[in-house]
Amino acid sequence: MLPKTMKALVAYGKGDYKYEPAYPVPECGDDDIIIKTEGCGVCAGDLKCYHGNSTWGDETHEMWVRPPFIPGHEFLGYVVEKGKNVTEYEIGDRIIADQIVPCGQCKFCKTGRYWMCQPHATFGFQKENNGGMAEYVRYPKTAVLHKVPKDMPLEAALLIEPYGCSKHAVDRAKITVEDVVVISGAGTLGLGMITYAHKMNPAKLIVLDMKDERLEKAKEFGADIVMNPGKEDVYAKIMELTDGYGCDIYIEATGHPSSVVQGLKMIRKLGTFVEFSVFGEPTTVDWTLIGDNKELDVLGSHLSPYCYPYVIENIANGSLKTDGIVSRYFDLENWEEAFDYATGRYGDFKVAFKFD
């Protein structure tokens, strides 16, 4: 029998988040699963939402969040209750879900493109699908669920969701062995891209970041060359490395406008630019570079469709590197400190909440 209340972090408005020690435990419907949360990572998207980014609506974006909601989408746990119609999972299974909760009825869902579901319900941003910054979470019928090996360490399992997003972004680029690839940003998502892109054996895998300690980790994860744009002329060096043509592929994973401008400048004609990040502010670029000057392929990347099975298998067998990414755990009561550390200002790549 589950308790009636639980510990939870609840978002009531922009910057108005509260730790609730006795929040109602979600009810389990006939088609639902309730998990006891094992852990939940803190994502840059969680921080940006807390500080009031465009998910709350502005002059160009409709309001997407629906408070009061429980944040957190990088979470997993063990099945503790299931509805009478649930047959695929058993009590005690360790499971994780895609961030998107597809409706199954819109034209995107019906054509297999569920990650772009038109209603676009997601865990951790809307009260109908509360996230993992709580002791218990409800998975509804249409959640895209996956089993996680019980012997996978939590610090590795917490990277399944971000690495799924990393894989999708790299897949969008269609890297070949002839490509000079630049990945801008070596945070958690960037490192996931690096360890995956390395497996594709590109001609050169170049990583850019403003923090030298992140560049060291990038080399450990498979980068051939690392550069700090704050200390060297990365454009000149990449042009020199490519005989003046520019890189073939540029993947943007910083969320900073300057990285976009930098990428459009250093990419070659007929190159591929992949944008992954969530931005905290608008970005202005010279669209002539994209069109008349270079005829670029500019691609977006959203979520992690069909990526979890590969990521789970390859984290489990060690093919995707995870060492040292999740470096610090917090109790939910200390969420403000956790959010502060999640900025990376103290040298952490990823921090997480851990539940008993």
# chains A, B, ... in the order shown; residues from 1 in each chain; ligands from 1
>>> select_by_dssp(residues="range 139-248 of chain A", states="strand (DSSP E or B)", output="MDAnalysis selection string")
chainID A and resid 139 145:147 180:184 204:208 225:227 247:248
>>> write_last_selection(atoms="N, CA and C atoms", output="PDB file, in the first residue's frame")
ATOM      1  N   TYR A 139       3.195   6.937 -14.601  1.00  0.00           N
ATOM      2  CA  TYR A 139       3.342   6.778 -16.041  1.00  0.00           C
ATOM      3  C   TYR A 139       1.982   6.433 -16.628  1.00  0.00           C
ATOM      4  N   LEU A 145       7.833   3.467 -22.584  1.00  0.00           N
ATOM      5  CA  LEU A 145       8.598   2.910 -21.468  1.00  0.00           C
ATOM      6  C   LEU A 145       9.663   1.923 -21.931  1.00  0.00           C
ATOM      7  N   HIS A 146      10.713   1.811 -21.095  1.00  0.00           N
ATOM      8  CA  HIS A 146      11.824   0.904 -21.383  1.00  0.00           C
ATOM      9  C   HIS A 146      12.330   0.328 -20.074  1.00  0.00           C
ATOM     10  N   LYS A 147      12.701  -0.937 -20.095  1.00  0.00           N
ATOM     11  CA  LYS A 147      13.304  -1.549 -18.914  1.00  0.00           C
ATOM     12  C   LYS A 147      14.784  -1.182 -18.830  1.00  0.00           C
ATOM     13  N   VAL A 180      34.750  16.190 -41.295  1.00  0.00           N
ATOM     14  CA  VAL A 180      35.316  16.922 -40.171  1.00  0.00           C
ATOM     15  C   VAL A 180      34.135  17.480 -39.384  1.00  0.00           C
ATOM     16  N   VAL A 181      33.987  16.994 -38.157  1.00  0.00           N
ATOM     17  CA  VAL A 181      32.827  17.322 -37.334  1.00  0.00           C
ATOM     18  C   VAL A 181      33.253  18.224 -36.183  1.00  0.00           C
ATOM     19  N   VAL A 182      32.509  19.304 -35.988  1.00  0.00           N
ATOM     20  CA  VAL A 182      32.726  20.180 -34.839  1.00  0.00           C
ATOM     21  C   VAL A 182      31.507  20.087 -33.933  1.00  0.00           C
ATOM     22  N   ILE A 183      31.736  19.766 -32.667  1.00  0.00           N
ATOM     23  CA  ILE A 183      30.686  19.800 -31.651  1.00  0.00           C
ATOM     24  C   ILE A 183      30.999  20.960 -30.717  1.00  0.00           C
ATOM     25  N   SER A 184      30.094  21.912 -30.658  1.00  0.00           N
ATOM     26  CA  SER A 184      30.285  23.093 -29.823  1.00  0.00           C
ATOM     27  C   SER A 184      29.536  22.904 -28.513  1.00  0.00           C
ATOM     28  N   LYS A 204      37.786  13.815 -38.533  1.00  0.00           N
ATOM     29  CA  LYS A 204      38.241  14.572 -37.365  1.00  0.00           C
ATOM     30  C   LYS A 204      37.019  14.907 -36.509  1.00  0.00           C
ATOM     31  N   LEU A 205      37.157  14.702 -35.217  1.00  0.00           N
ATOM     32  CA  LEU A 205      36.110  15.090 -34.275  1.00  0.00           C
ATOM     33  C   LEU A 205      36.689  16.194 -33.390  1.00  0.00           C
ATOM     34  N   ILE A 206      36.214  17.418 -33.612  1.00  0.00           N
ATOM     35  CA  ILE A 206      36.731  18.605 -32.936  1.00  0.00           C
ATOM     36  C   ILE A 206      35.684  19.109 -31.954  1.00  0.00           C
ATOM     37  N   VAL A 207      36.100  19.418 -30.746  1.00  0.00           N
ATOM     38  CA  VAL A 207      35.174  19.871 -29.713  1.00  0.00           C
ATOM     39  C   VAL A 207      35.602  21.245 -29.205  1.00  0.00           C
ATOM     40  N   LEU A 208      34.627  22.126 -29.062  1.00  0.00           N
ATOM     41  CA  LEU A 208      34.860  23.486 -28.579  1.00  0.00           C
ATOM     42  C   LEU A 208      34.134  23.696 -27.256  1.00  0.00           C
ATOM     43  N   ILE A 225      40.526  16.593 -31.371  1.00  0.00           N
ATOM     44  CA  ILE A 225      41.100  17.923 -31.147  1.00  0.00           C
ATOM     45  C   ILE A 225      40.127  18.709 -30.275  1.00  0.00           C
ATOM     46  N   VAL A 226      40.638  19.425 -29.293  1.00  0.00           N
ATOM     47  CA  VAL A 226      39.794  20.289 -28.468  1.00  0.00           C
ATOM     48  C   VAL A 226      40.339  21.705 -28.514  1.00  0.00           C
ATOM     49  N   MET A 227      39.449  22.681 -28.461  1.00  0.00           N
ATOM     50  CA  MET A 227      39.845  24.089 -28.525  1.00  0.00           C
ATOM     51  C   MET A 227      38.951  24.920 -27.613  1.00  0.00           C
ATOM     52  N   CYS A 247      34.531  23.238 -41.680  1.00  0.00           N
ATOM     53  CA  CYS A 247      34.098  21.910 -41.248  1.00  0.00           C
ATOM     54  C   CYS A 247      32.898  21.445 -42.066  1.00  0.00           C
ATOM     55  N   ASP A 248      32.726  20.151 -42.132  1.00  0.00           N
ATOM     56  CA  ASP A 248      31.590  19.572 -42.879  1.00  0.00           C
ATOM     57  C   ASP A 248      30.301  19.631 -42.074  1.00  0.00           C
TER      58      ASP A 248
END
>>> residues_around(residues="range 58-67 of chain A", least_positions_apart="5", cutoff="9 Å", atoms="only C-alpha atoms", output="ChimeraX atom specification")
/A:10-13,49,53,120,124-128
>>> atom_distance(atom1="CA of Ala223 in chain A", atom2="CA of Asp209 in chain A")
12.0 Å
>>> atom_distance(atom1="CA of Ser259 in chain A", atom2="CA of Asn201 in chain A")
24.1 Å
>>> atom_distance(atom1="CA of Ser301 in chain A", atom2="CA of Ala169 in chain A")
5.2 Å
>>> select_by_dssp(residues="range 46-209 of chain A", states="alpha helix (DSSP H)", output="NGL selection string")
:A and (46-50 or 107-110 or 154-157 or 160-173 or 188-198)
>>> residues_around(residues="range 186-198 of chain A", least_positions_apart="3", cutoff="6 Å", atoms="only C-alpha atoms", output="PyMOL selection string")
chain A and resi 162-163+166+201+209+214+221-222+253+320+349
>>> write_last_selection(atoms="C-alpha atoms", output="compact mmCIF listing (two decimals), in the first residue's frame")
# COMPACT_ATOMS: atom_id res chain seq x y z
CA PRO A 162 20.24 13.03 -22.02
CA TYR A 163 22.26 10.54 -24.07
CA SER A 166 22.54 13.37 -27.83
CA ASN A 201 34.93 7.30 -36.89
CA ASP A 209 34.14 24.70 -25.06
CA ARG A 214 35.30 20.07 -20.01
CA PHE A 221 35.35 10.62 -24.44
CA GLY A 222 36.79 10.53 -27.97
CA ALA A 253 25.10 22.22 -28.00
CA LEU A 320 29.13 4.83 -24.45
CA PHE A 349 28.73 18.20 -15.38
>>> decode(residues="range 33-74 of chain A", atoms="N, CA and C atoms", output="mmCIF file, in the first residue's frame")
data_model
loop_
_atom_site.group_PDB
_atom_site.id
_atom_site.type_symbol
_atom_site.label_atom_id
_atom_site.label_comp_id
_atom_site.auth_asym_id
_atom_site.auth_seq_id
_atom_site.Cartn_x
_atom_site.Cartn_y
_atom_site.Cartn_z
ATOM 1 N N ILE A 33 0.996 3.156 -14.427
ATOM 2 C CA ILE A 33 2.048 2.563 -13.603
ATOM 3 C C ILE A 33 2.535 3.645 -12.648
ATOM 4 N N ILE A 34 2.750 3.281 -11.391
ATOM 5 C CA ILE A 34 3.370 4.183 -10.430
ATOM 6 C C ILE A 34 4.768 3.650 -10.131
ATOM 7 N N ILE A 35 5.754 4.522 -10.250
ATOM 8 C CA ILE A 35 7.112 4.123 -9.875
ATOM 9 C C ILE A 35 7.526 4.844 -8.605
ATOM 10 N N LYS A 36 8.382 4.192 -7.847
ATOM 11 C CA LYS A 36 9.103 4.840 -6.744
ATOM 12 C C LYS A 36 10.381 5.392 -7.354
ATOM 13 N N THR A 37 10.529 6.698 -7.356
ATOM 14 C CA THR A 37 11.651 7.336 -8.030
ATOM 15 C C THR A 37 12.969 6.943 -7.376
ATOM 16 N N GLU A 38 13.918 6.543 -8.212
ATOM 17 C CA GLU A 38 15.255 6.206 -7.728
ATOM 18 C C GLU A 38 16.170 7.426 -7.774
ATOM 19 N N GLY A 39 16.102 8.179 -8.860
ATOM 20 C CA GLY A 39 16.922 9.367 -9.007
ATOM 21 C C GLY A 39 16.391 10.231 -10.128
ATOM 22 N N CYS A 40 16.770 11.511 -10.109
ATOM 23 C CA CYS A 40 16.333 12.451 -11.149
ATOM 24 C C CYS A 40 17.422 13.483 -11.369
ATOM 25 N N GLY A 41 17.938 13.558 -12.583
ATOM 26 C CA GLY A 41 18.940 14.555 -12.920
ATOM 27 C C GLY A 41 18.339 15.938 -13.045
ATOM 28 N N VAL A 42 19.180 16.949 -12.859
ATOM 29 C CA VAL A 42 18.766 18.338 -13.050
ATOM 30 C C VAL A 42 19.334 18.803 -14.383
ATOM 31 N N CYS A 43 18.455 19.158 -15.297
ATOM 32 C CA CYS A 43 18.824 19.534 -16.662
ATOM 33 C C CYS A 43 18.913 21.056 -16.788
ATOM 34 N N ALA A 44 19.696 21.508 -17.764
ATOM 35 C CA ALA A 44 19.742 22.947 -18.052
ATOM 36 C C ALA A 44 18.350 23.468 -18.378
ATOM 37 N N GLY A 45 17.531 22.632 -19.009
ATOM 38 C CA GLY A 45 16.159 23.022 -19.312
ATOM 39 C C GLY A 45 15.341 23.270 -18.058
ATOM 40 N N ASP A 46 15.609 22.507 -16.996
ATOM 41 C CA ASP A 46 14.927 22.738 -15.726
ATOM 42 C C ASP A 46 15.308 24.099 -15.153
ATOM 43 N N LEU A 47 16.589 24.438 -15.256
ATOM 44 C CA LEU A 47 17.054 25.732 -14.744
ATOM 45 C C LEU A 47 16.442 26.878 -15.535
ATOM 46 N N LYS A 48 16.428 26.735 -16.853
ATOM 47 C CA LYS A 48 15.897 27.813 -17.688
ATOM 48 C C LYS A 48 14.400 27.999 -17.452
ATOM 49 N N CYS A 49 13.696 26.898 -17.230
ATOM 50 C CA CYS A 49 12.273 26.991 -16.919
ATOM 51 C C CYS A 49 12.068 27.704 -15.587
ATOM 52 N N TYR A 50 12.858 27.342 -14.604
ATOM 53 C CA TYR A 50 12.757 27.982 -13.285
ATOM 54 C C TYR A 50 12.954 29.493 -13.392
ATOM 55 N N HIS A 51 13.887 29.908 -14.228
ATOM 56 C CA HIS A 51 14.186 31.335 -14.362
ATOM 57 C C HIS A 51 13.238 32.051 -15.323
ATOM 58 N N GLY A 52 12.276 31.309 -15.888
ATOM 59 C CA GLY A 52 11.220 31.961 -16.660
ATOM 60 C C GLY A 52 11.474 32.077 -18.136
ATOM 61 N N ASN A 53 11.977 31.013 -18.772
ATOM 62 C CA ASN A 53 12.236 31.085 -20.212
ATOM 63 C C ASN A 53 10.942 31.040 -21.015
ATOM 64 N N SER A 54 11.052 30.877 -22.308
ATOM 65 C CA SER A 54 9.900 31.016 -23.205
ATOM 66 C C SER A 54 8.820 29.962 -23.001
ATOM 67 N N THR A 55 9.105 28.890 -22.237
ATOM 68 C CA THR A 55 8.062 27.897 -21.979
ATOM 69 C C THR A 55 6.876 28.510 -21.232
ATOM 70 N N TRP A 56 7.114 29.627 -20.562
ATOM 71 C CA TRP A 56 6.042 30.309 -19.839
ATOM 72 C C TRP A 56 5.265 31.274 -20.737
ATOM 73 N N GLY A 57 5.696 31.369 -22.000
ATOM 74 C CA GLY A 57 5.026 32.237 -22.954
ATOM 75 C C GLY A 57 5.661 33.605 -23.041
ATOM 76 N N ASP A 58 5.744 34.115 -24.268
ATOM 77 C CA ASP A 58 6.211 35.479 -24.495
ATOM 78 C C ASP A 58 5.609 35.962 -25.807
ATOM 79 N N GLU A 59 6.202 37.019 -26.359
ATOM 80 C CA GLU A 59 5.606 37.604 -27.563
ATOM 81 C C GLU A 59 5.639 36.669 -28.774
ATOM 82 N N THR A 60 6.500 35.669 -28.755
ATOM 83 C CA THR A 60 6.585 34.753 -29.905
ATOM 84 C C THR A 60 6.260 33.307 -29.547
ATOM 85 N N HIS A 61 6.101 32.968 -28.255
ATOM 86 C CA HIS A 61 5.838 31.598 -27.844
ATOM 87 C C HIS A 61 4.555 31.520 -27.011
ATOM 88 N N GLU A 62 3.744 30.513 -27.313
ATOM 89 C CA GLU A 62 2.601 30.251 -26.458
ATOM 90 C C GLU A 62 3.073 29.626 -25.150
ATOM 91 N N MET A 63 2.297 29.825 -24.105
ATOM 92 C CA MET A 63 2.636 29.213 -22.821
ATOM 93 C C MET A 63 2.526 27.702 -22.948
ATOM 94 N N TRP A 64 3.597 27.009 -22.607
ATOM 95 C CA TRP A 64 3.668 25.564 -22.779
ATOM 96 C C TRP A 64 3.581 24.833 -21.449
ATOM 97 N N VAL A 65 4.137 25.439 -20.400
ATOM 98 C CA VAL A 65 4.059 24.819 -19.080
ATOM 99 C C VAL A 65 2.646 24.988 -18.521
ATOM 100 N N ARG A 66 2.267 24.042 -17.643
ATOM 101 C CA ARG A 66 0.947 24.124 -17.019
ATOM 102 C C ARG A 66 1.105 23.857 -15.512
ATOM 103 N N PRO A 67 1.309 24.924 -14.741
ATOM 104 C CA PRO A 67 1.476 24.751 -13.302
ATOM 105 C C PRO A 67 0.124 24.501 -12.611
ATOM 106 N N PRO A 68 0.182 23.997 -11.380
ATOM 107 C CA PRO A 68 1.381 23.566 -10.653
ATOM 108 C C PRO A 68 1.876 22.207 -11.167
ATOM 109 N N PHE A 69 3.175 22.103 -11.390
ATOM 110 C CA PHE A 69 3.726 20.842 -11.880
ATOM 111 C C PHE A 69 4.988 20.493 -11.104
ATOM 112 N N ILE A 70 5.341 19.218 -11.160
ATOM 113 C CA ILE A 70 6.573 18.732 -10.545
ATOM 114 C C ILE A 70 7.624 18.635 -11.645
ATOM 115 N N PRO A 71 8.750 19.351 -11.528
ATOM 116 C CA PRO A 71 9.772 19.326 -12.585
ATOM 117 C C PRO A 71 10.502 17.978 -12.640
ATOM 118 N N GLY A 72 11.361 17.872 -13.661
ATOM 119 C CA GLY A 72 12.256 16.729 -13.770
ATOM 120 C C GLY A 72 11.849 15.742 -14.851
ATOM 121 N N HIS A 73 12.739 15.550 -15.836
ATOM 122 C CA HIS A 73 12.451 14.585 -16.905
ATOM 123 C C HIS A 73 13.563 13.554 -17.075
ATOM 124 N N GLU A 74 14.654 13.695 -16.332
ATOM 125 C CA GLU A 74 15.763 12.735 -16.405
ATOM 126 C C GLU A 74 15.678 11.796 -15.202
#
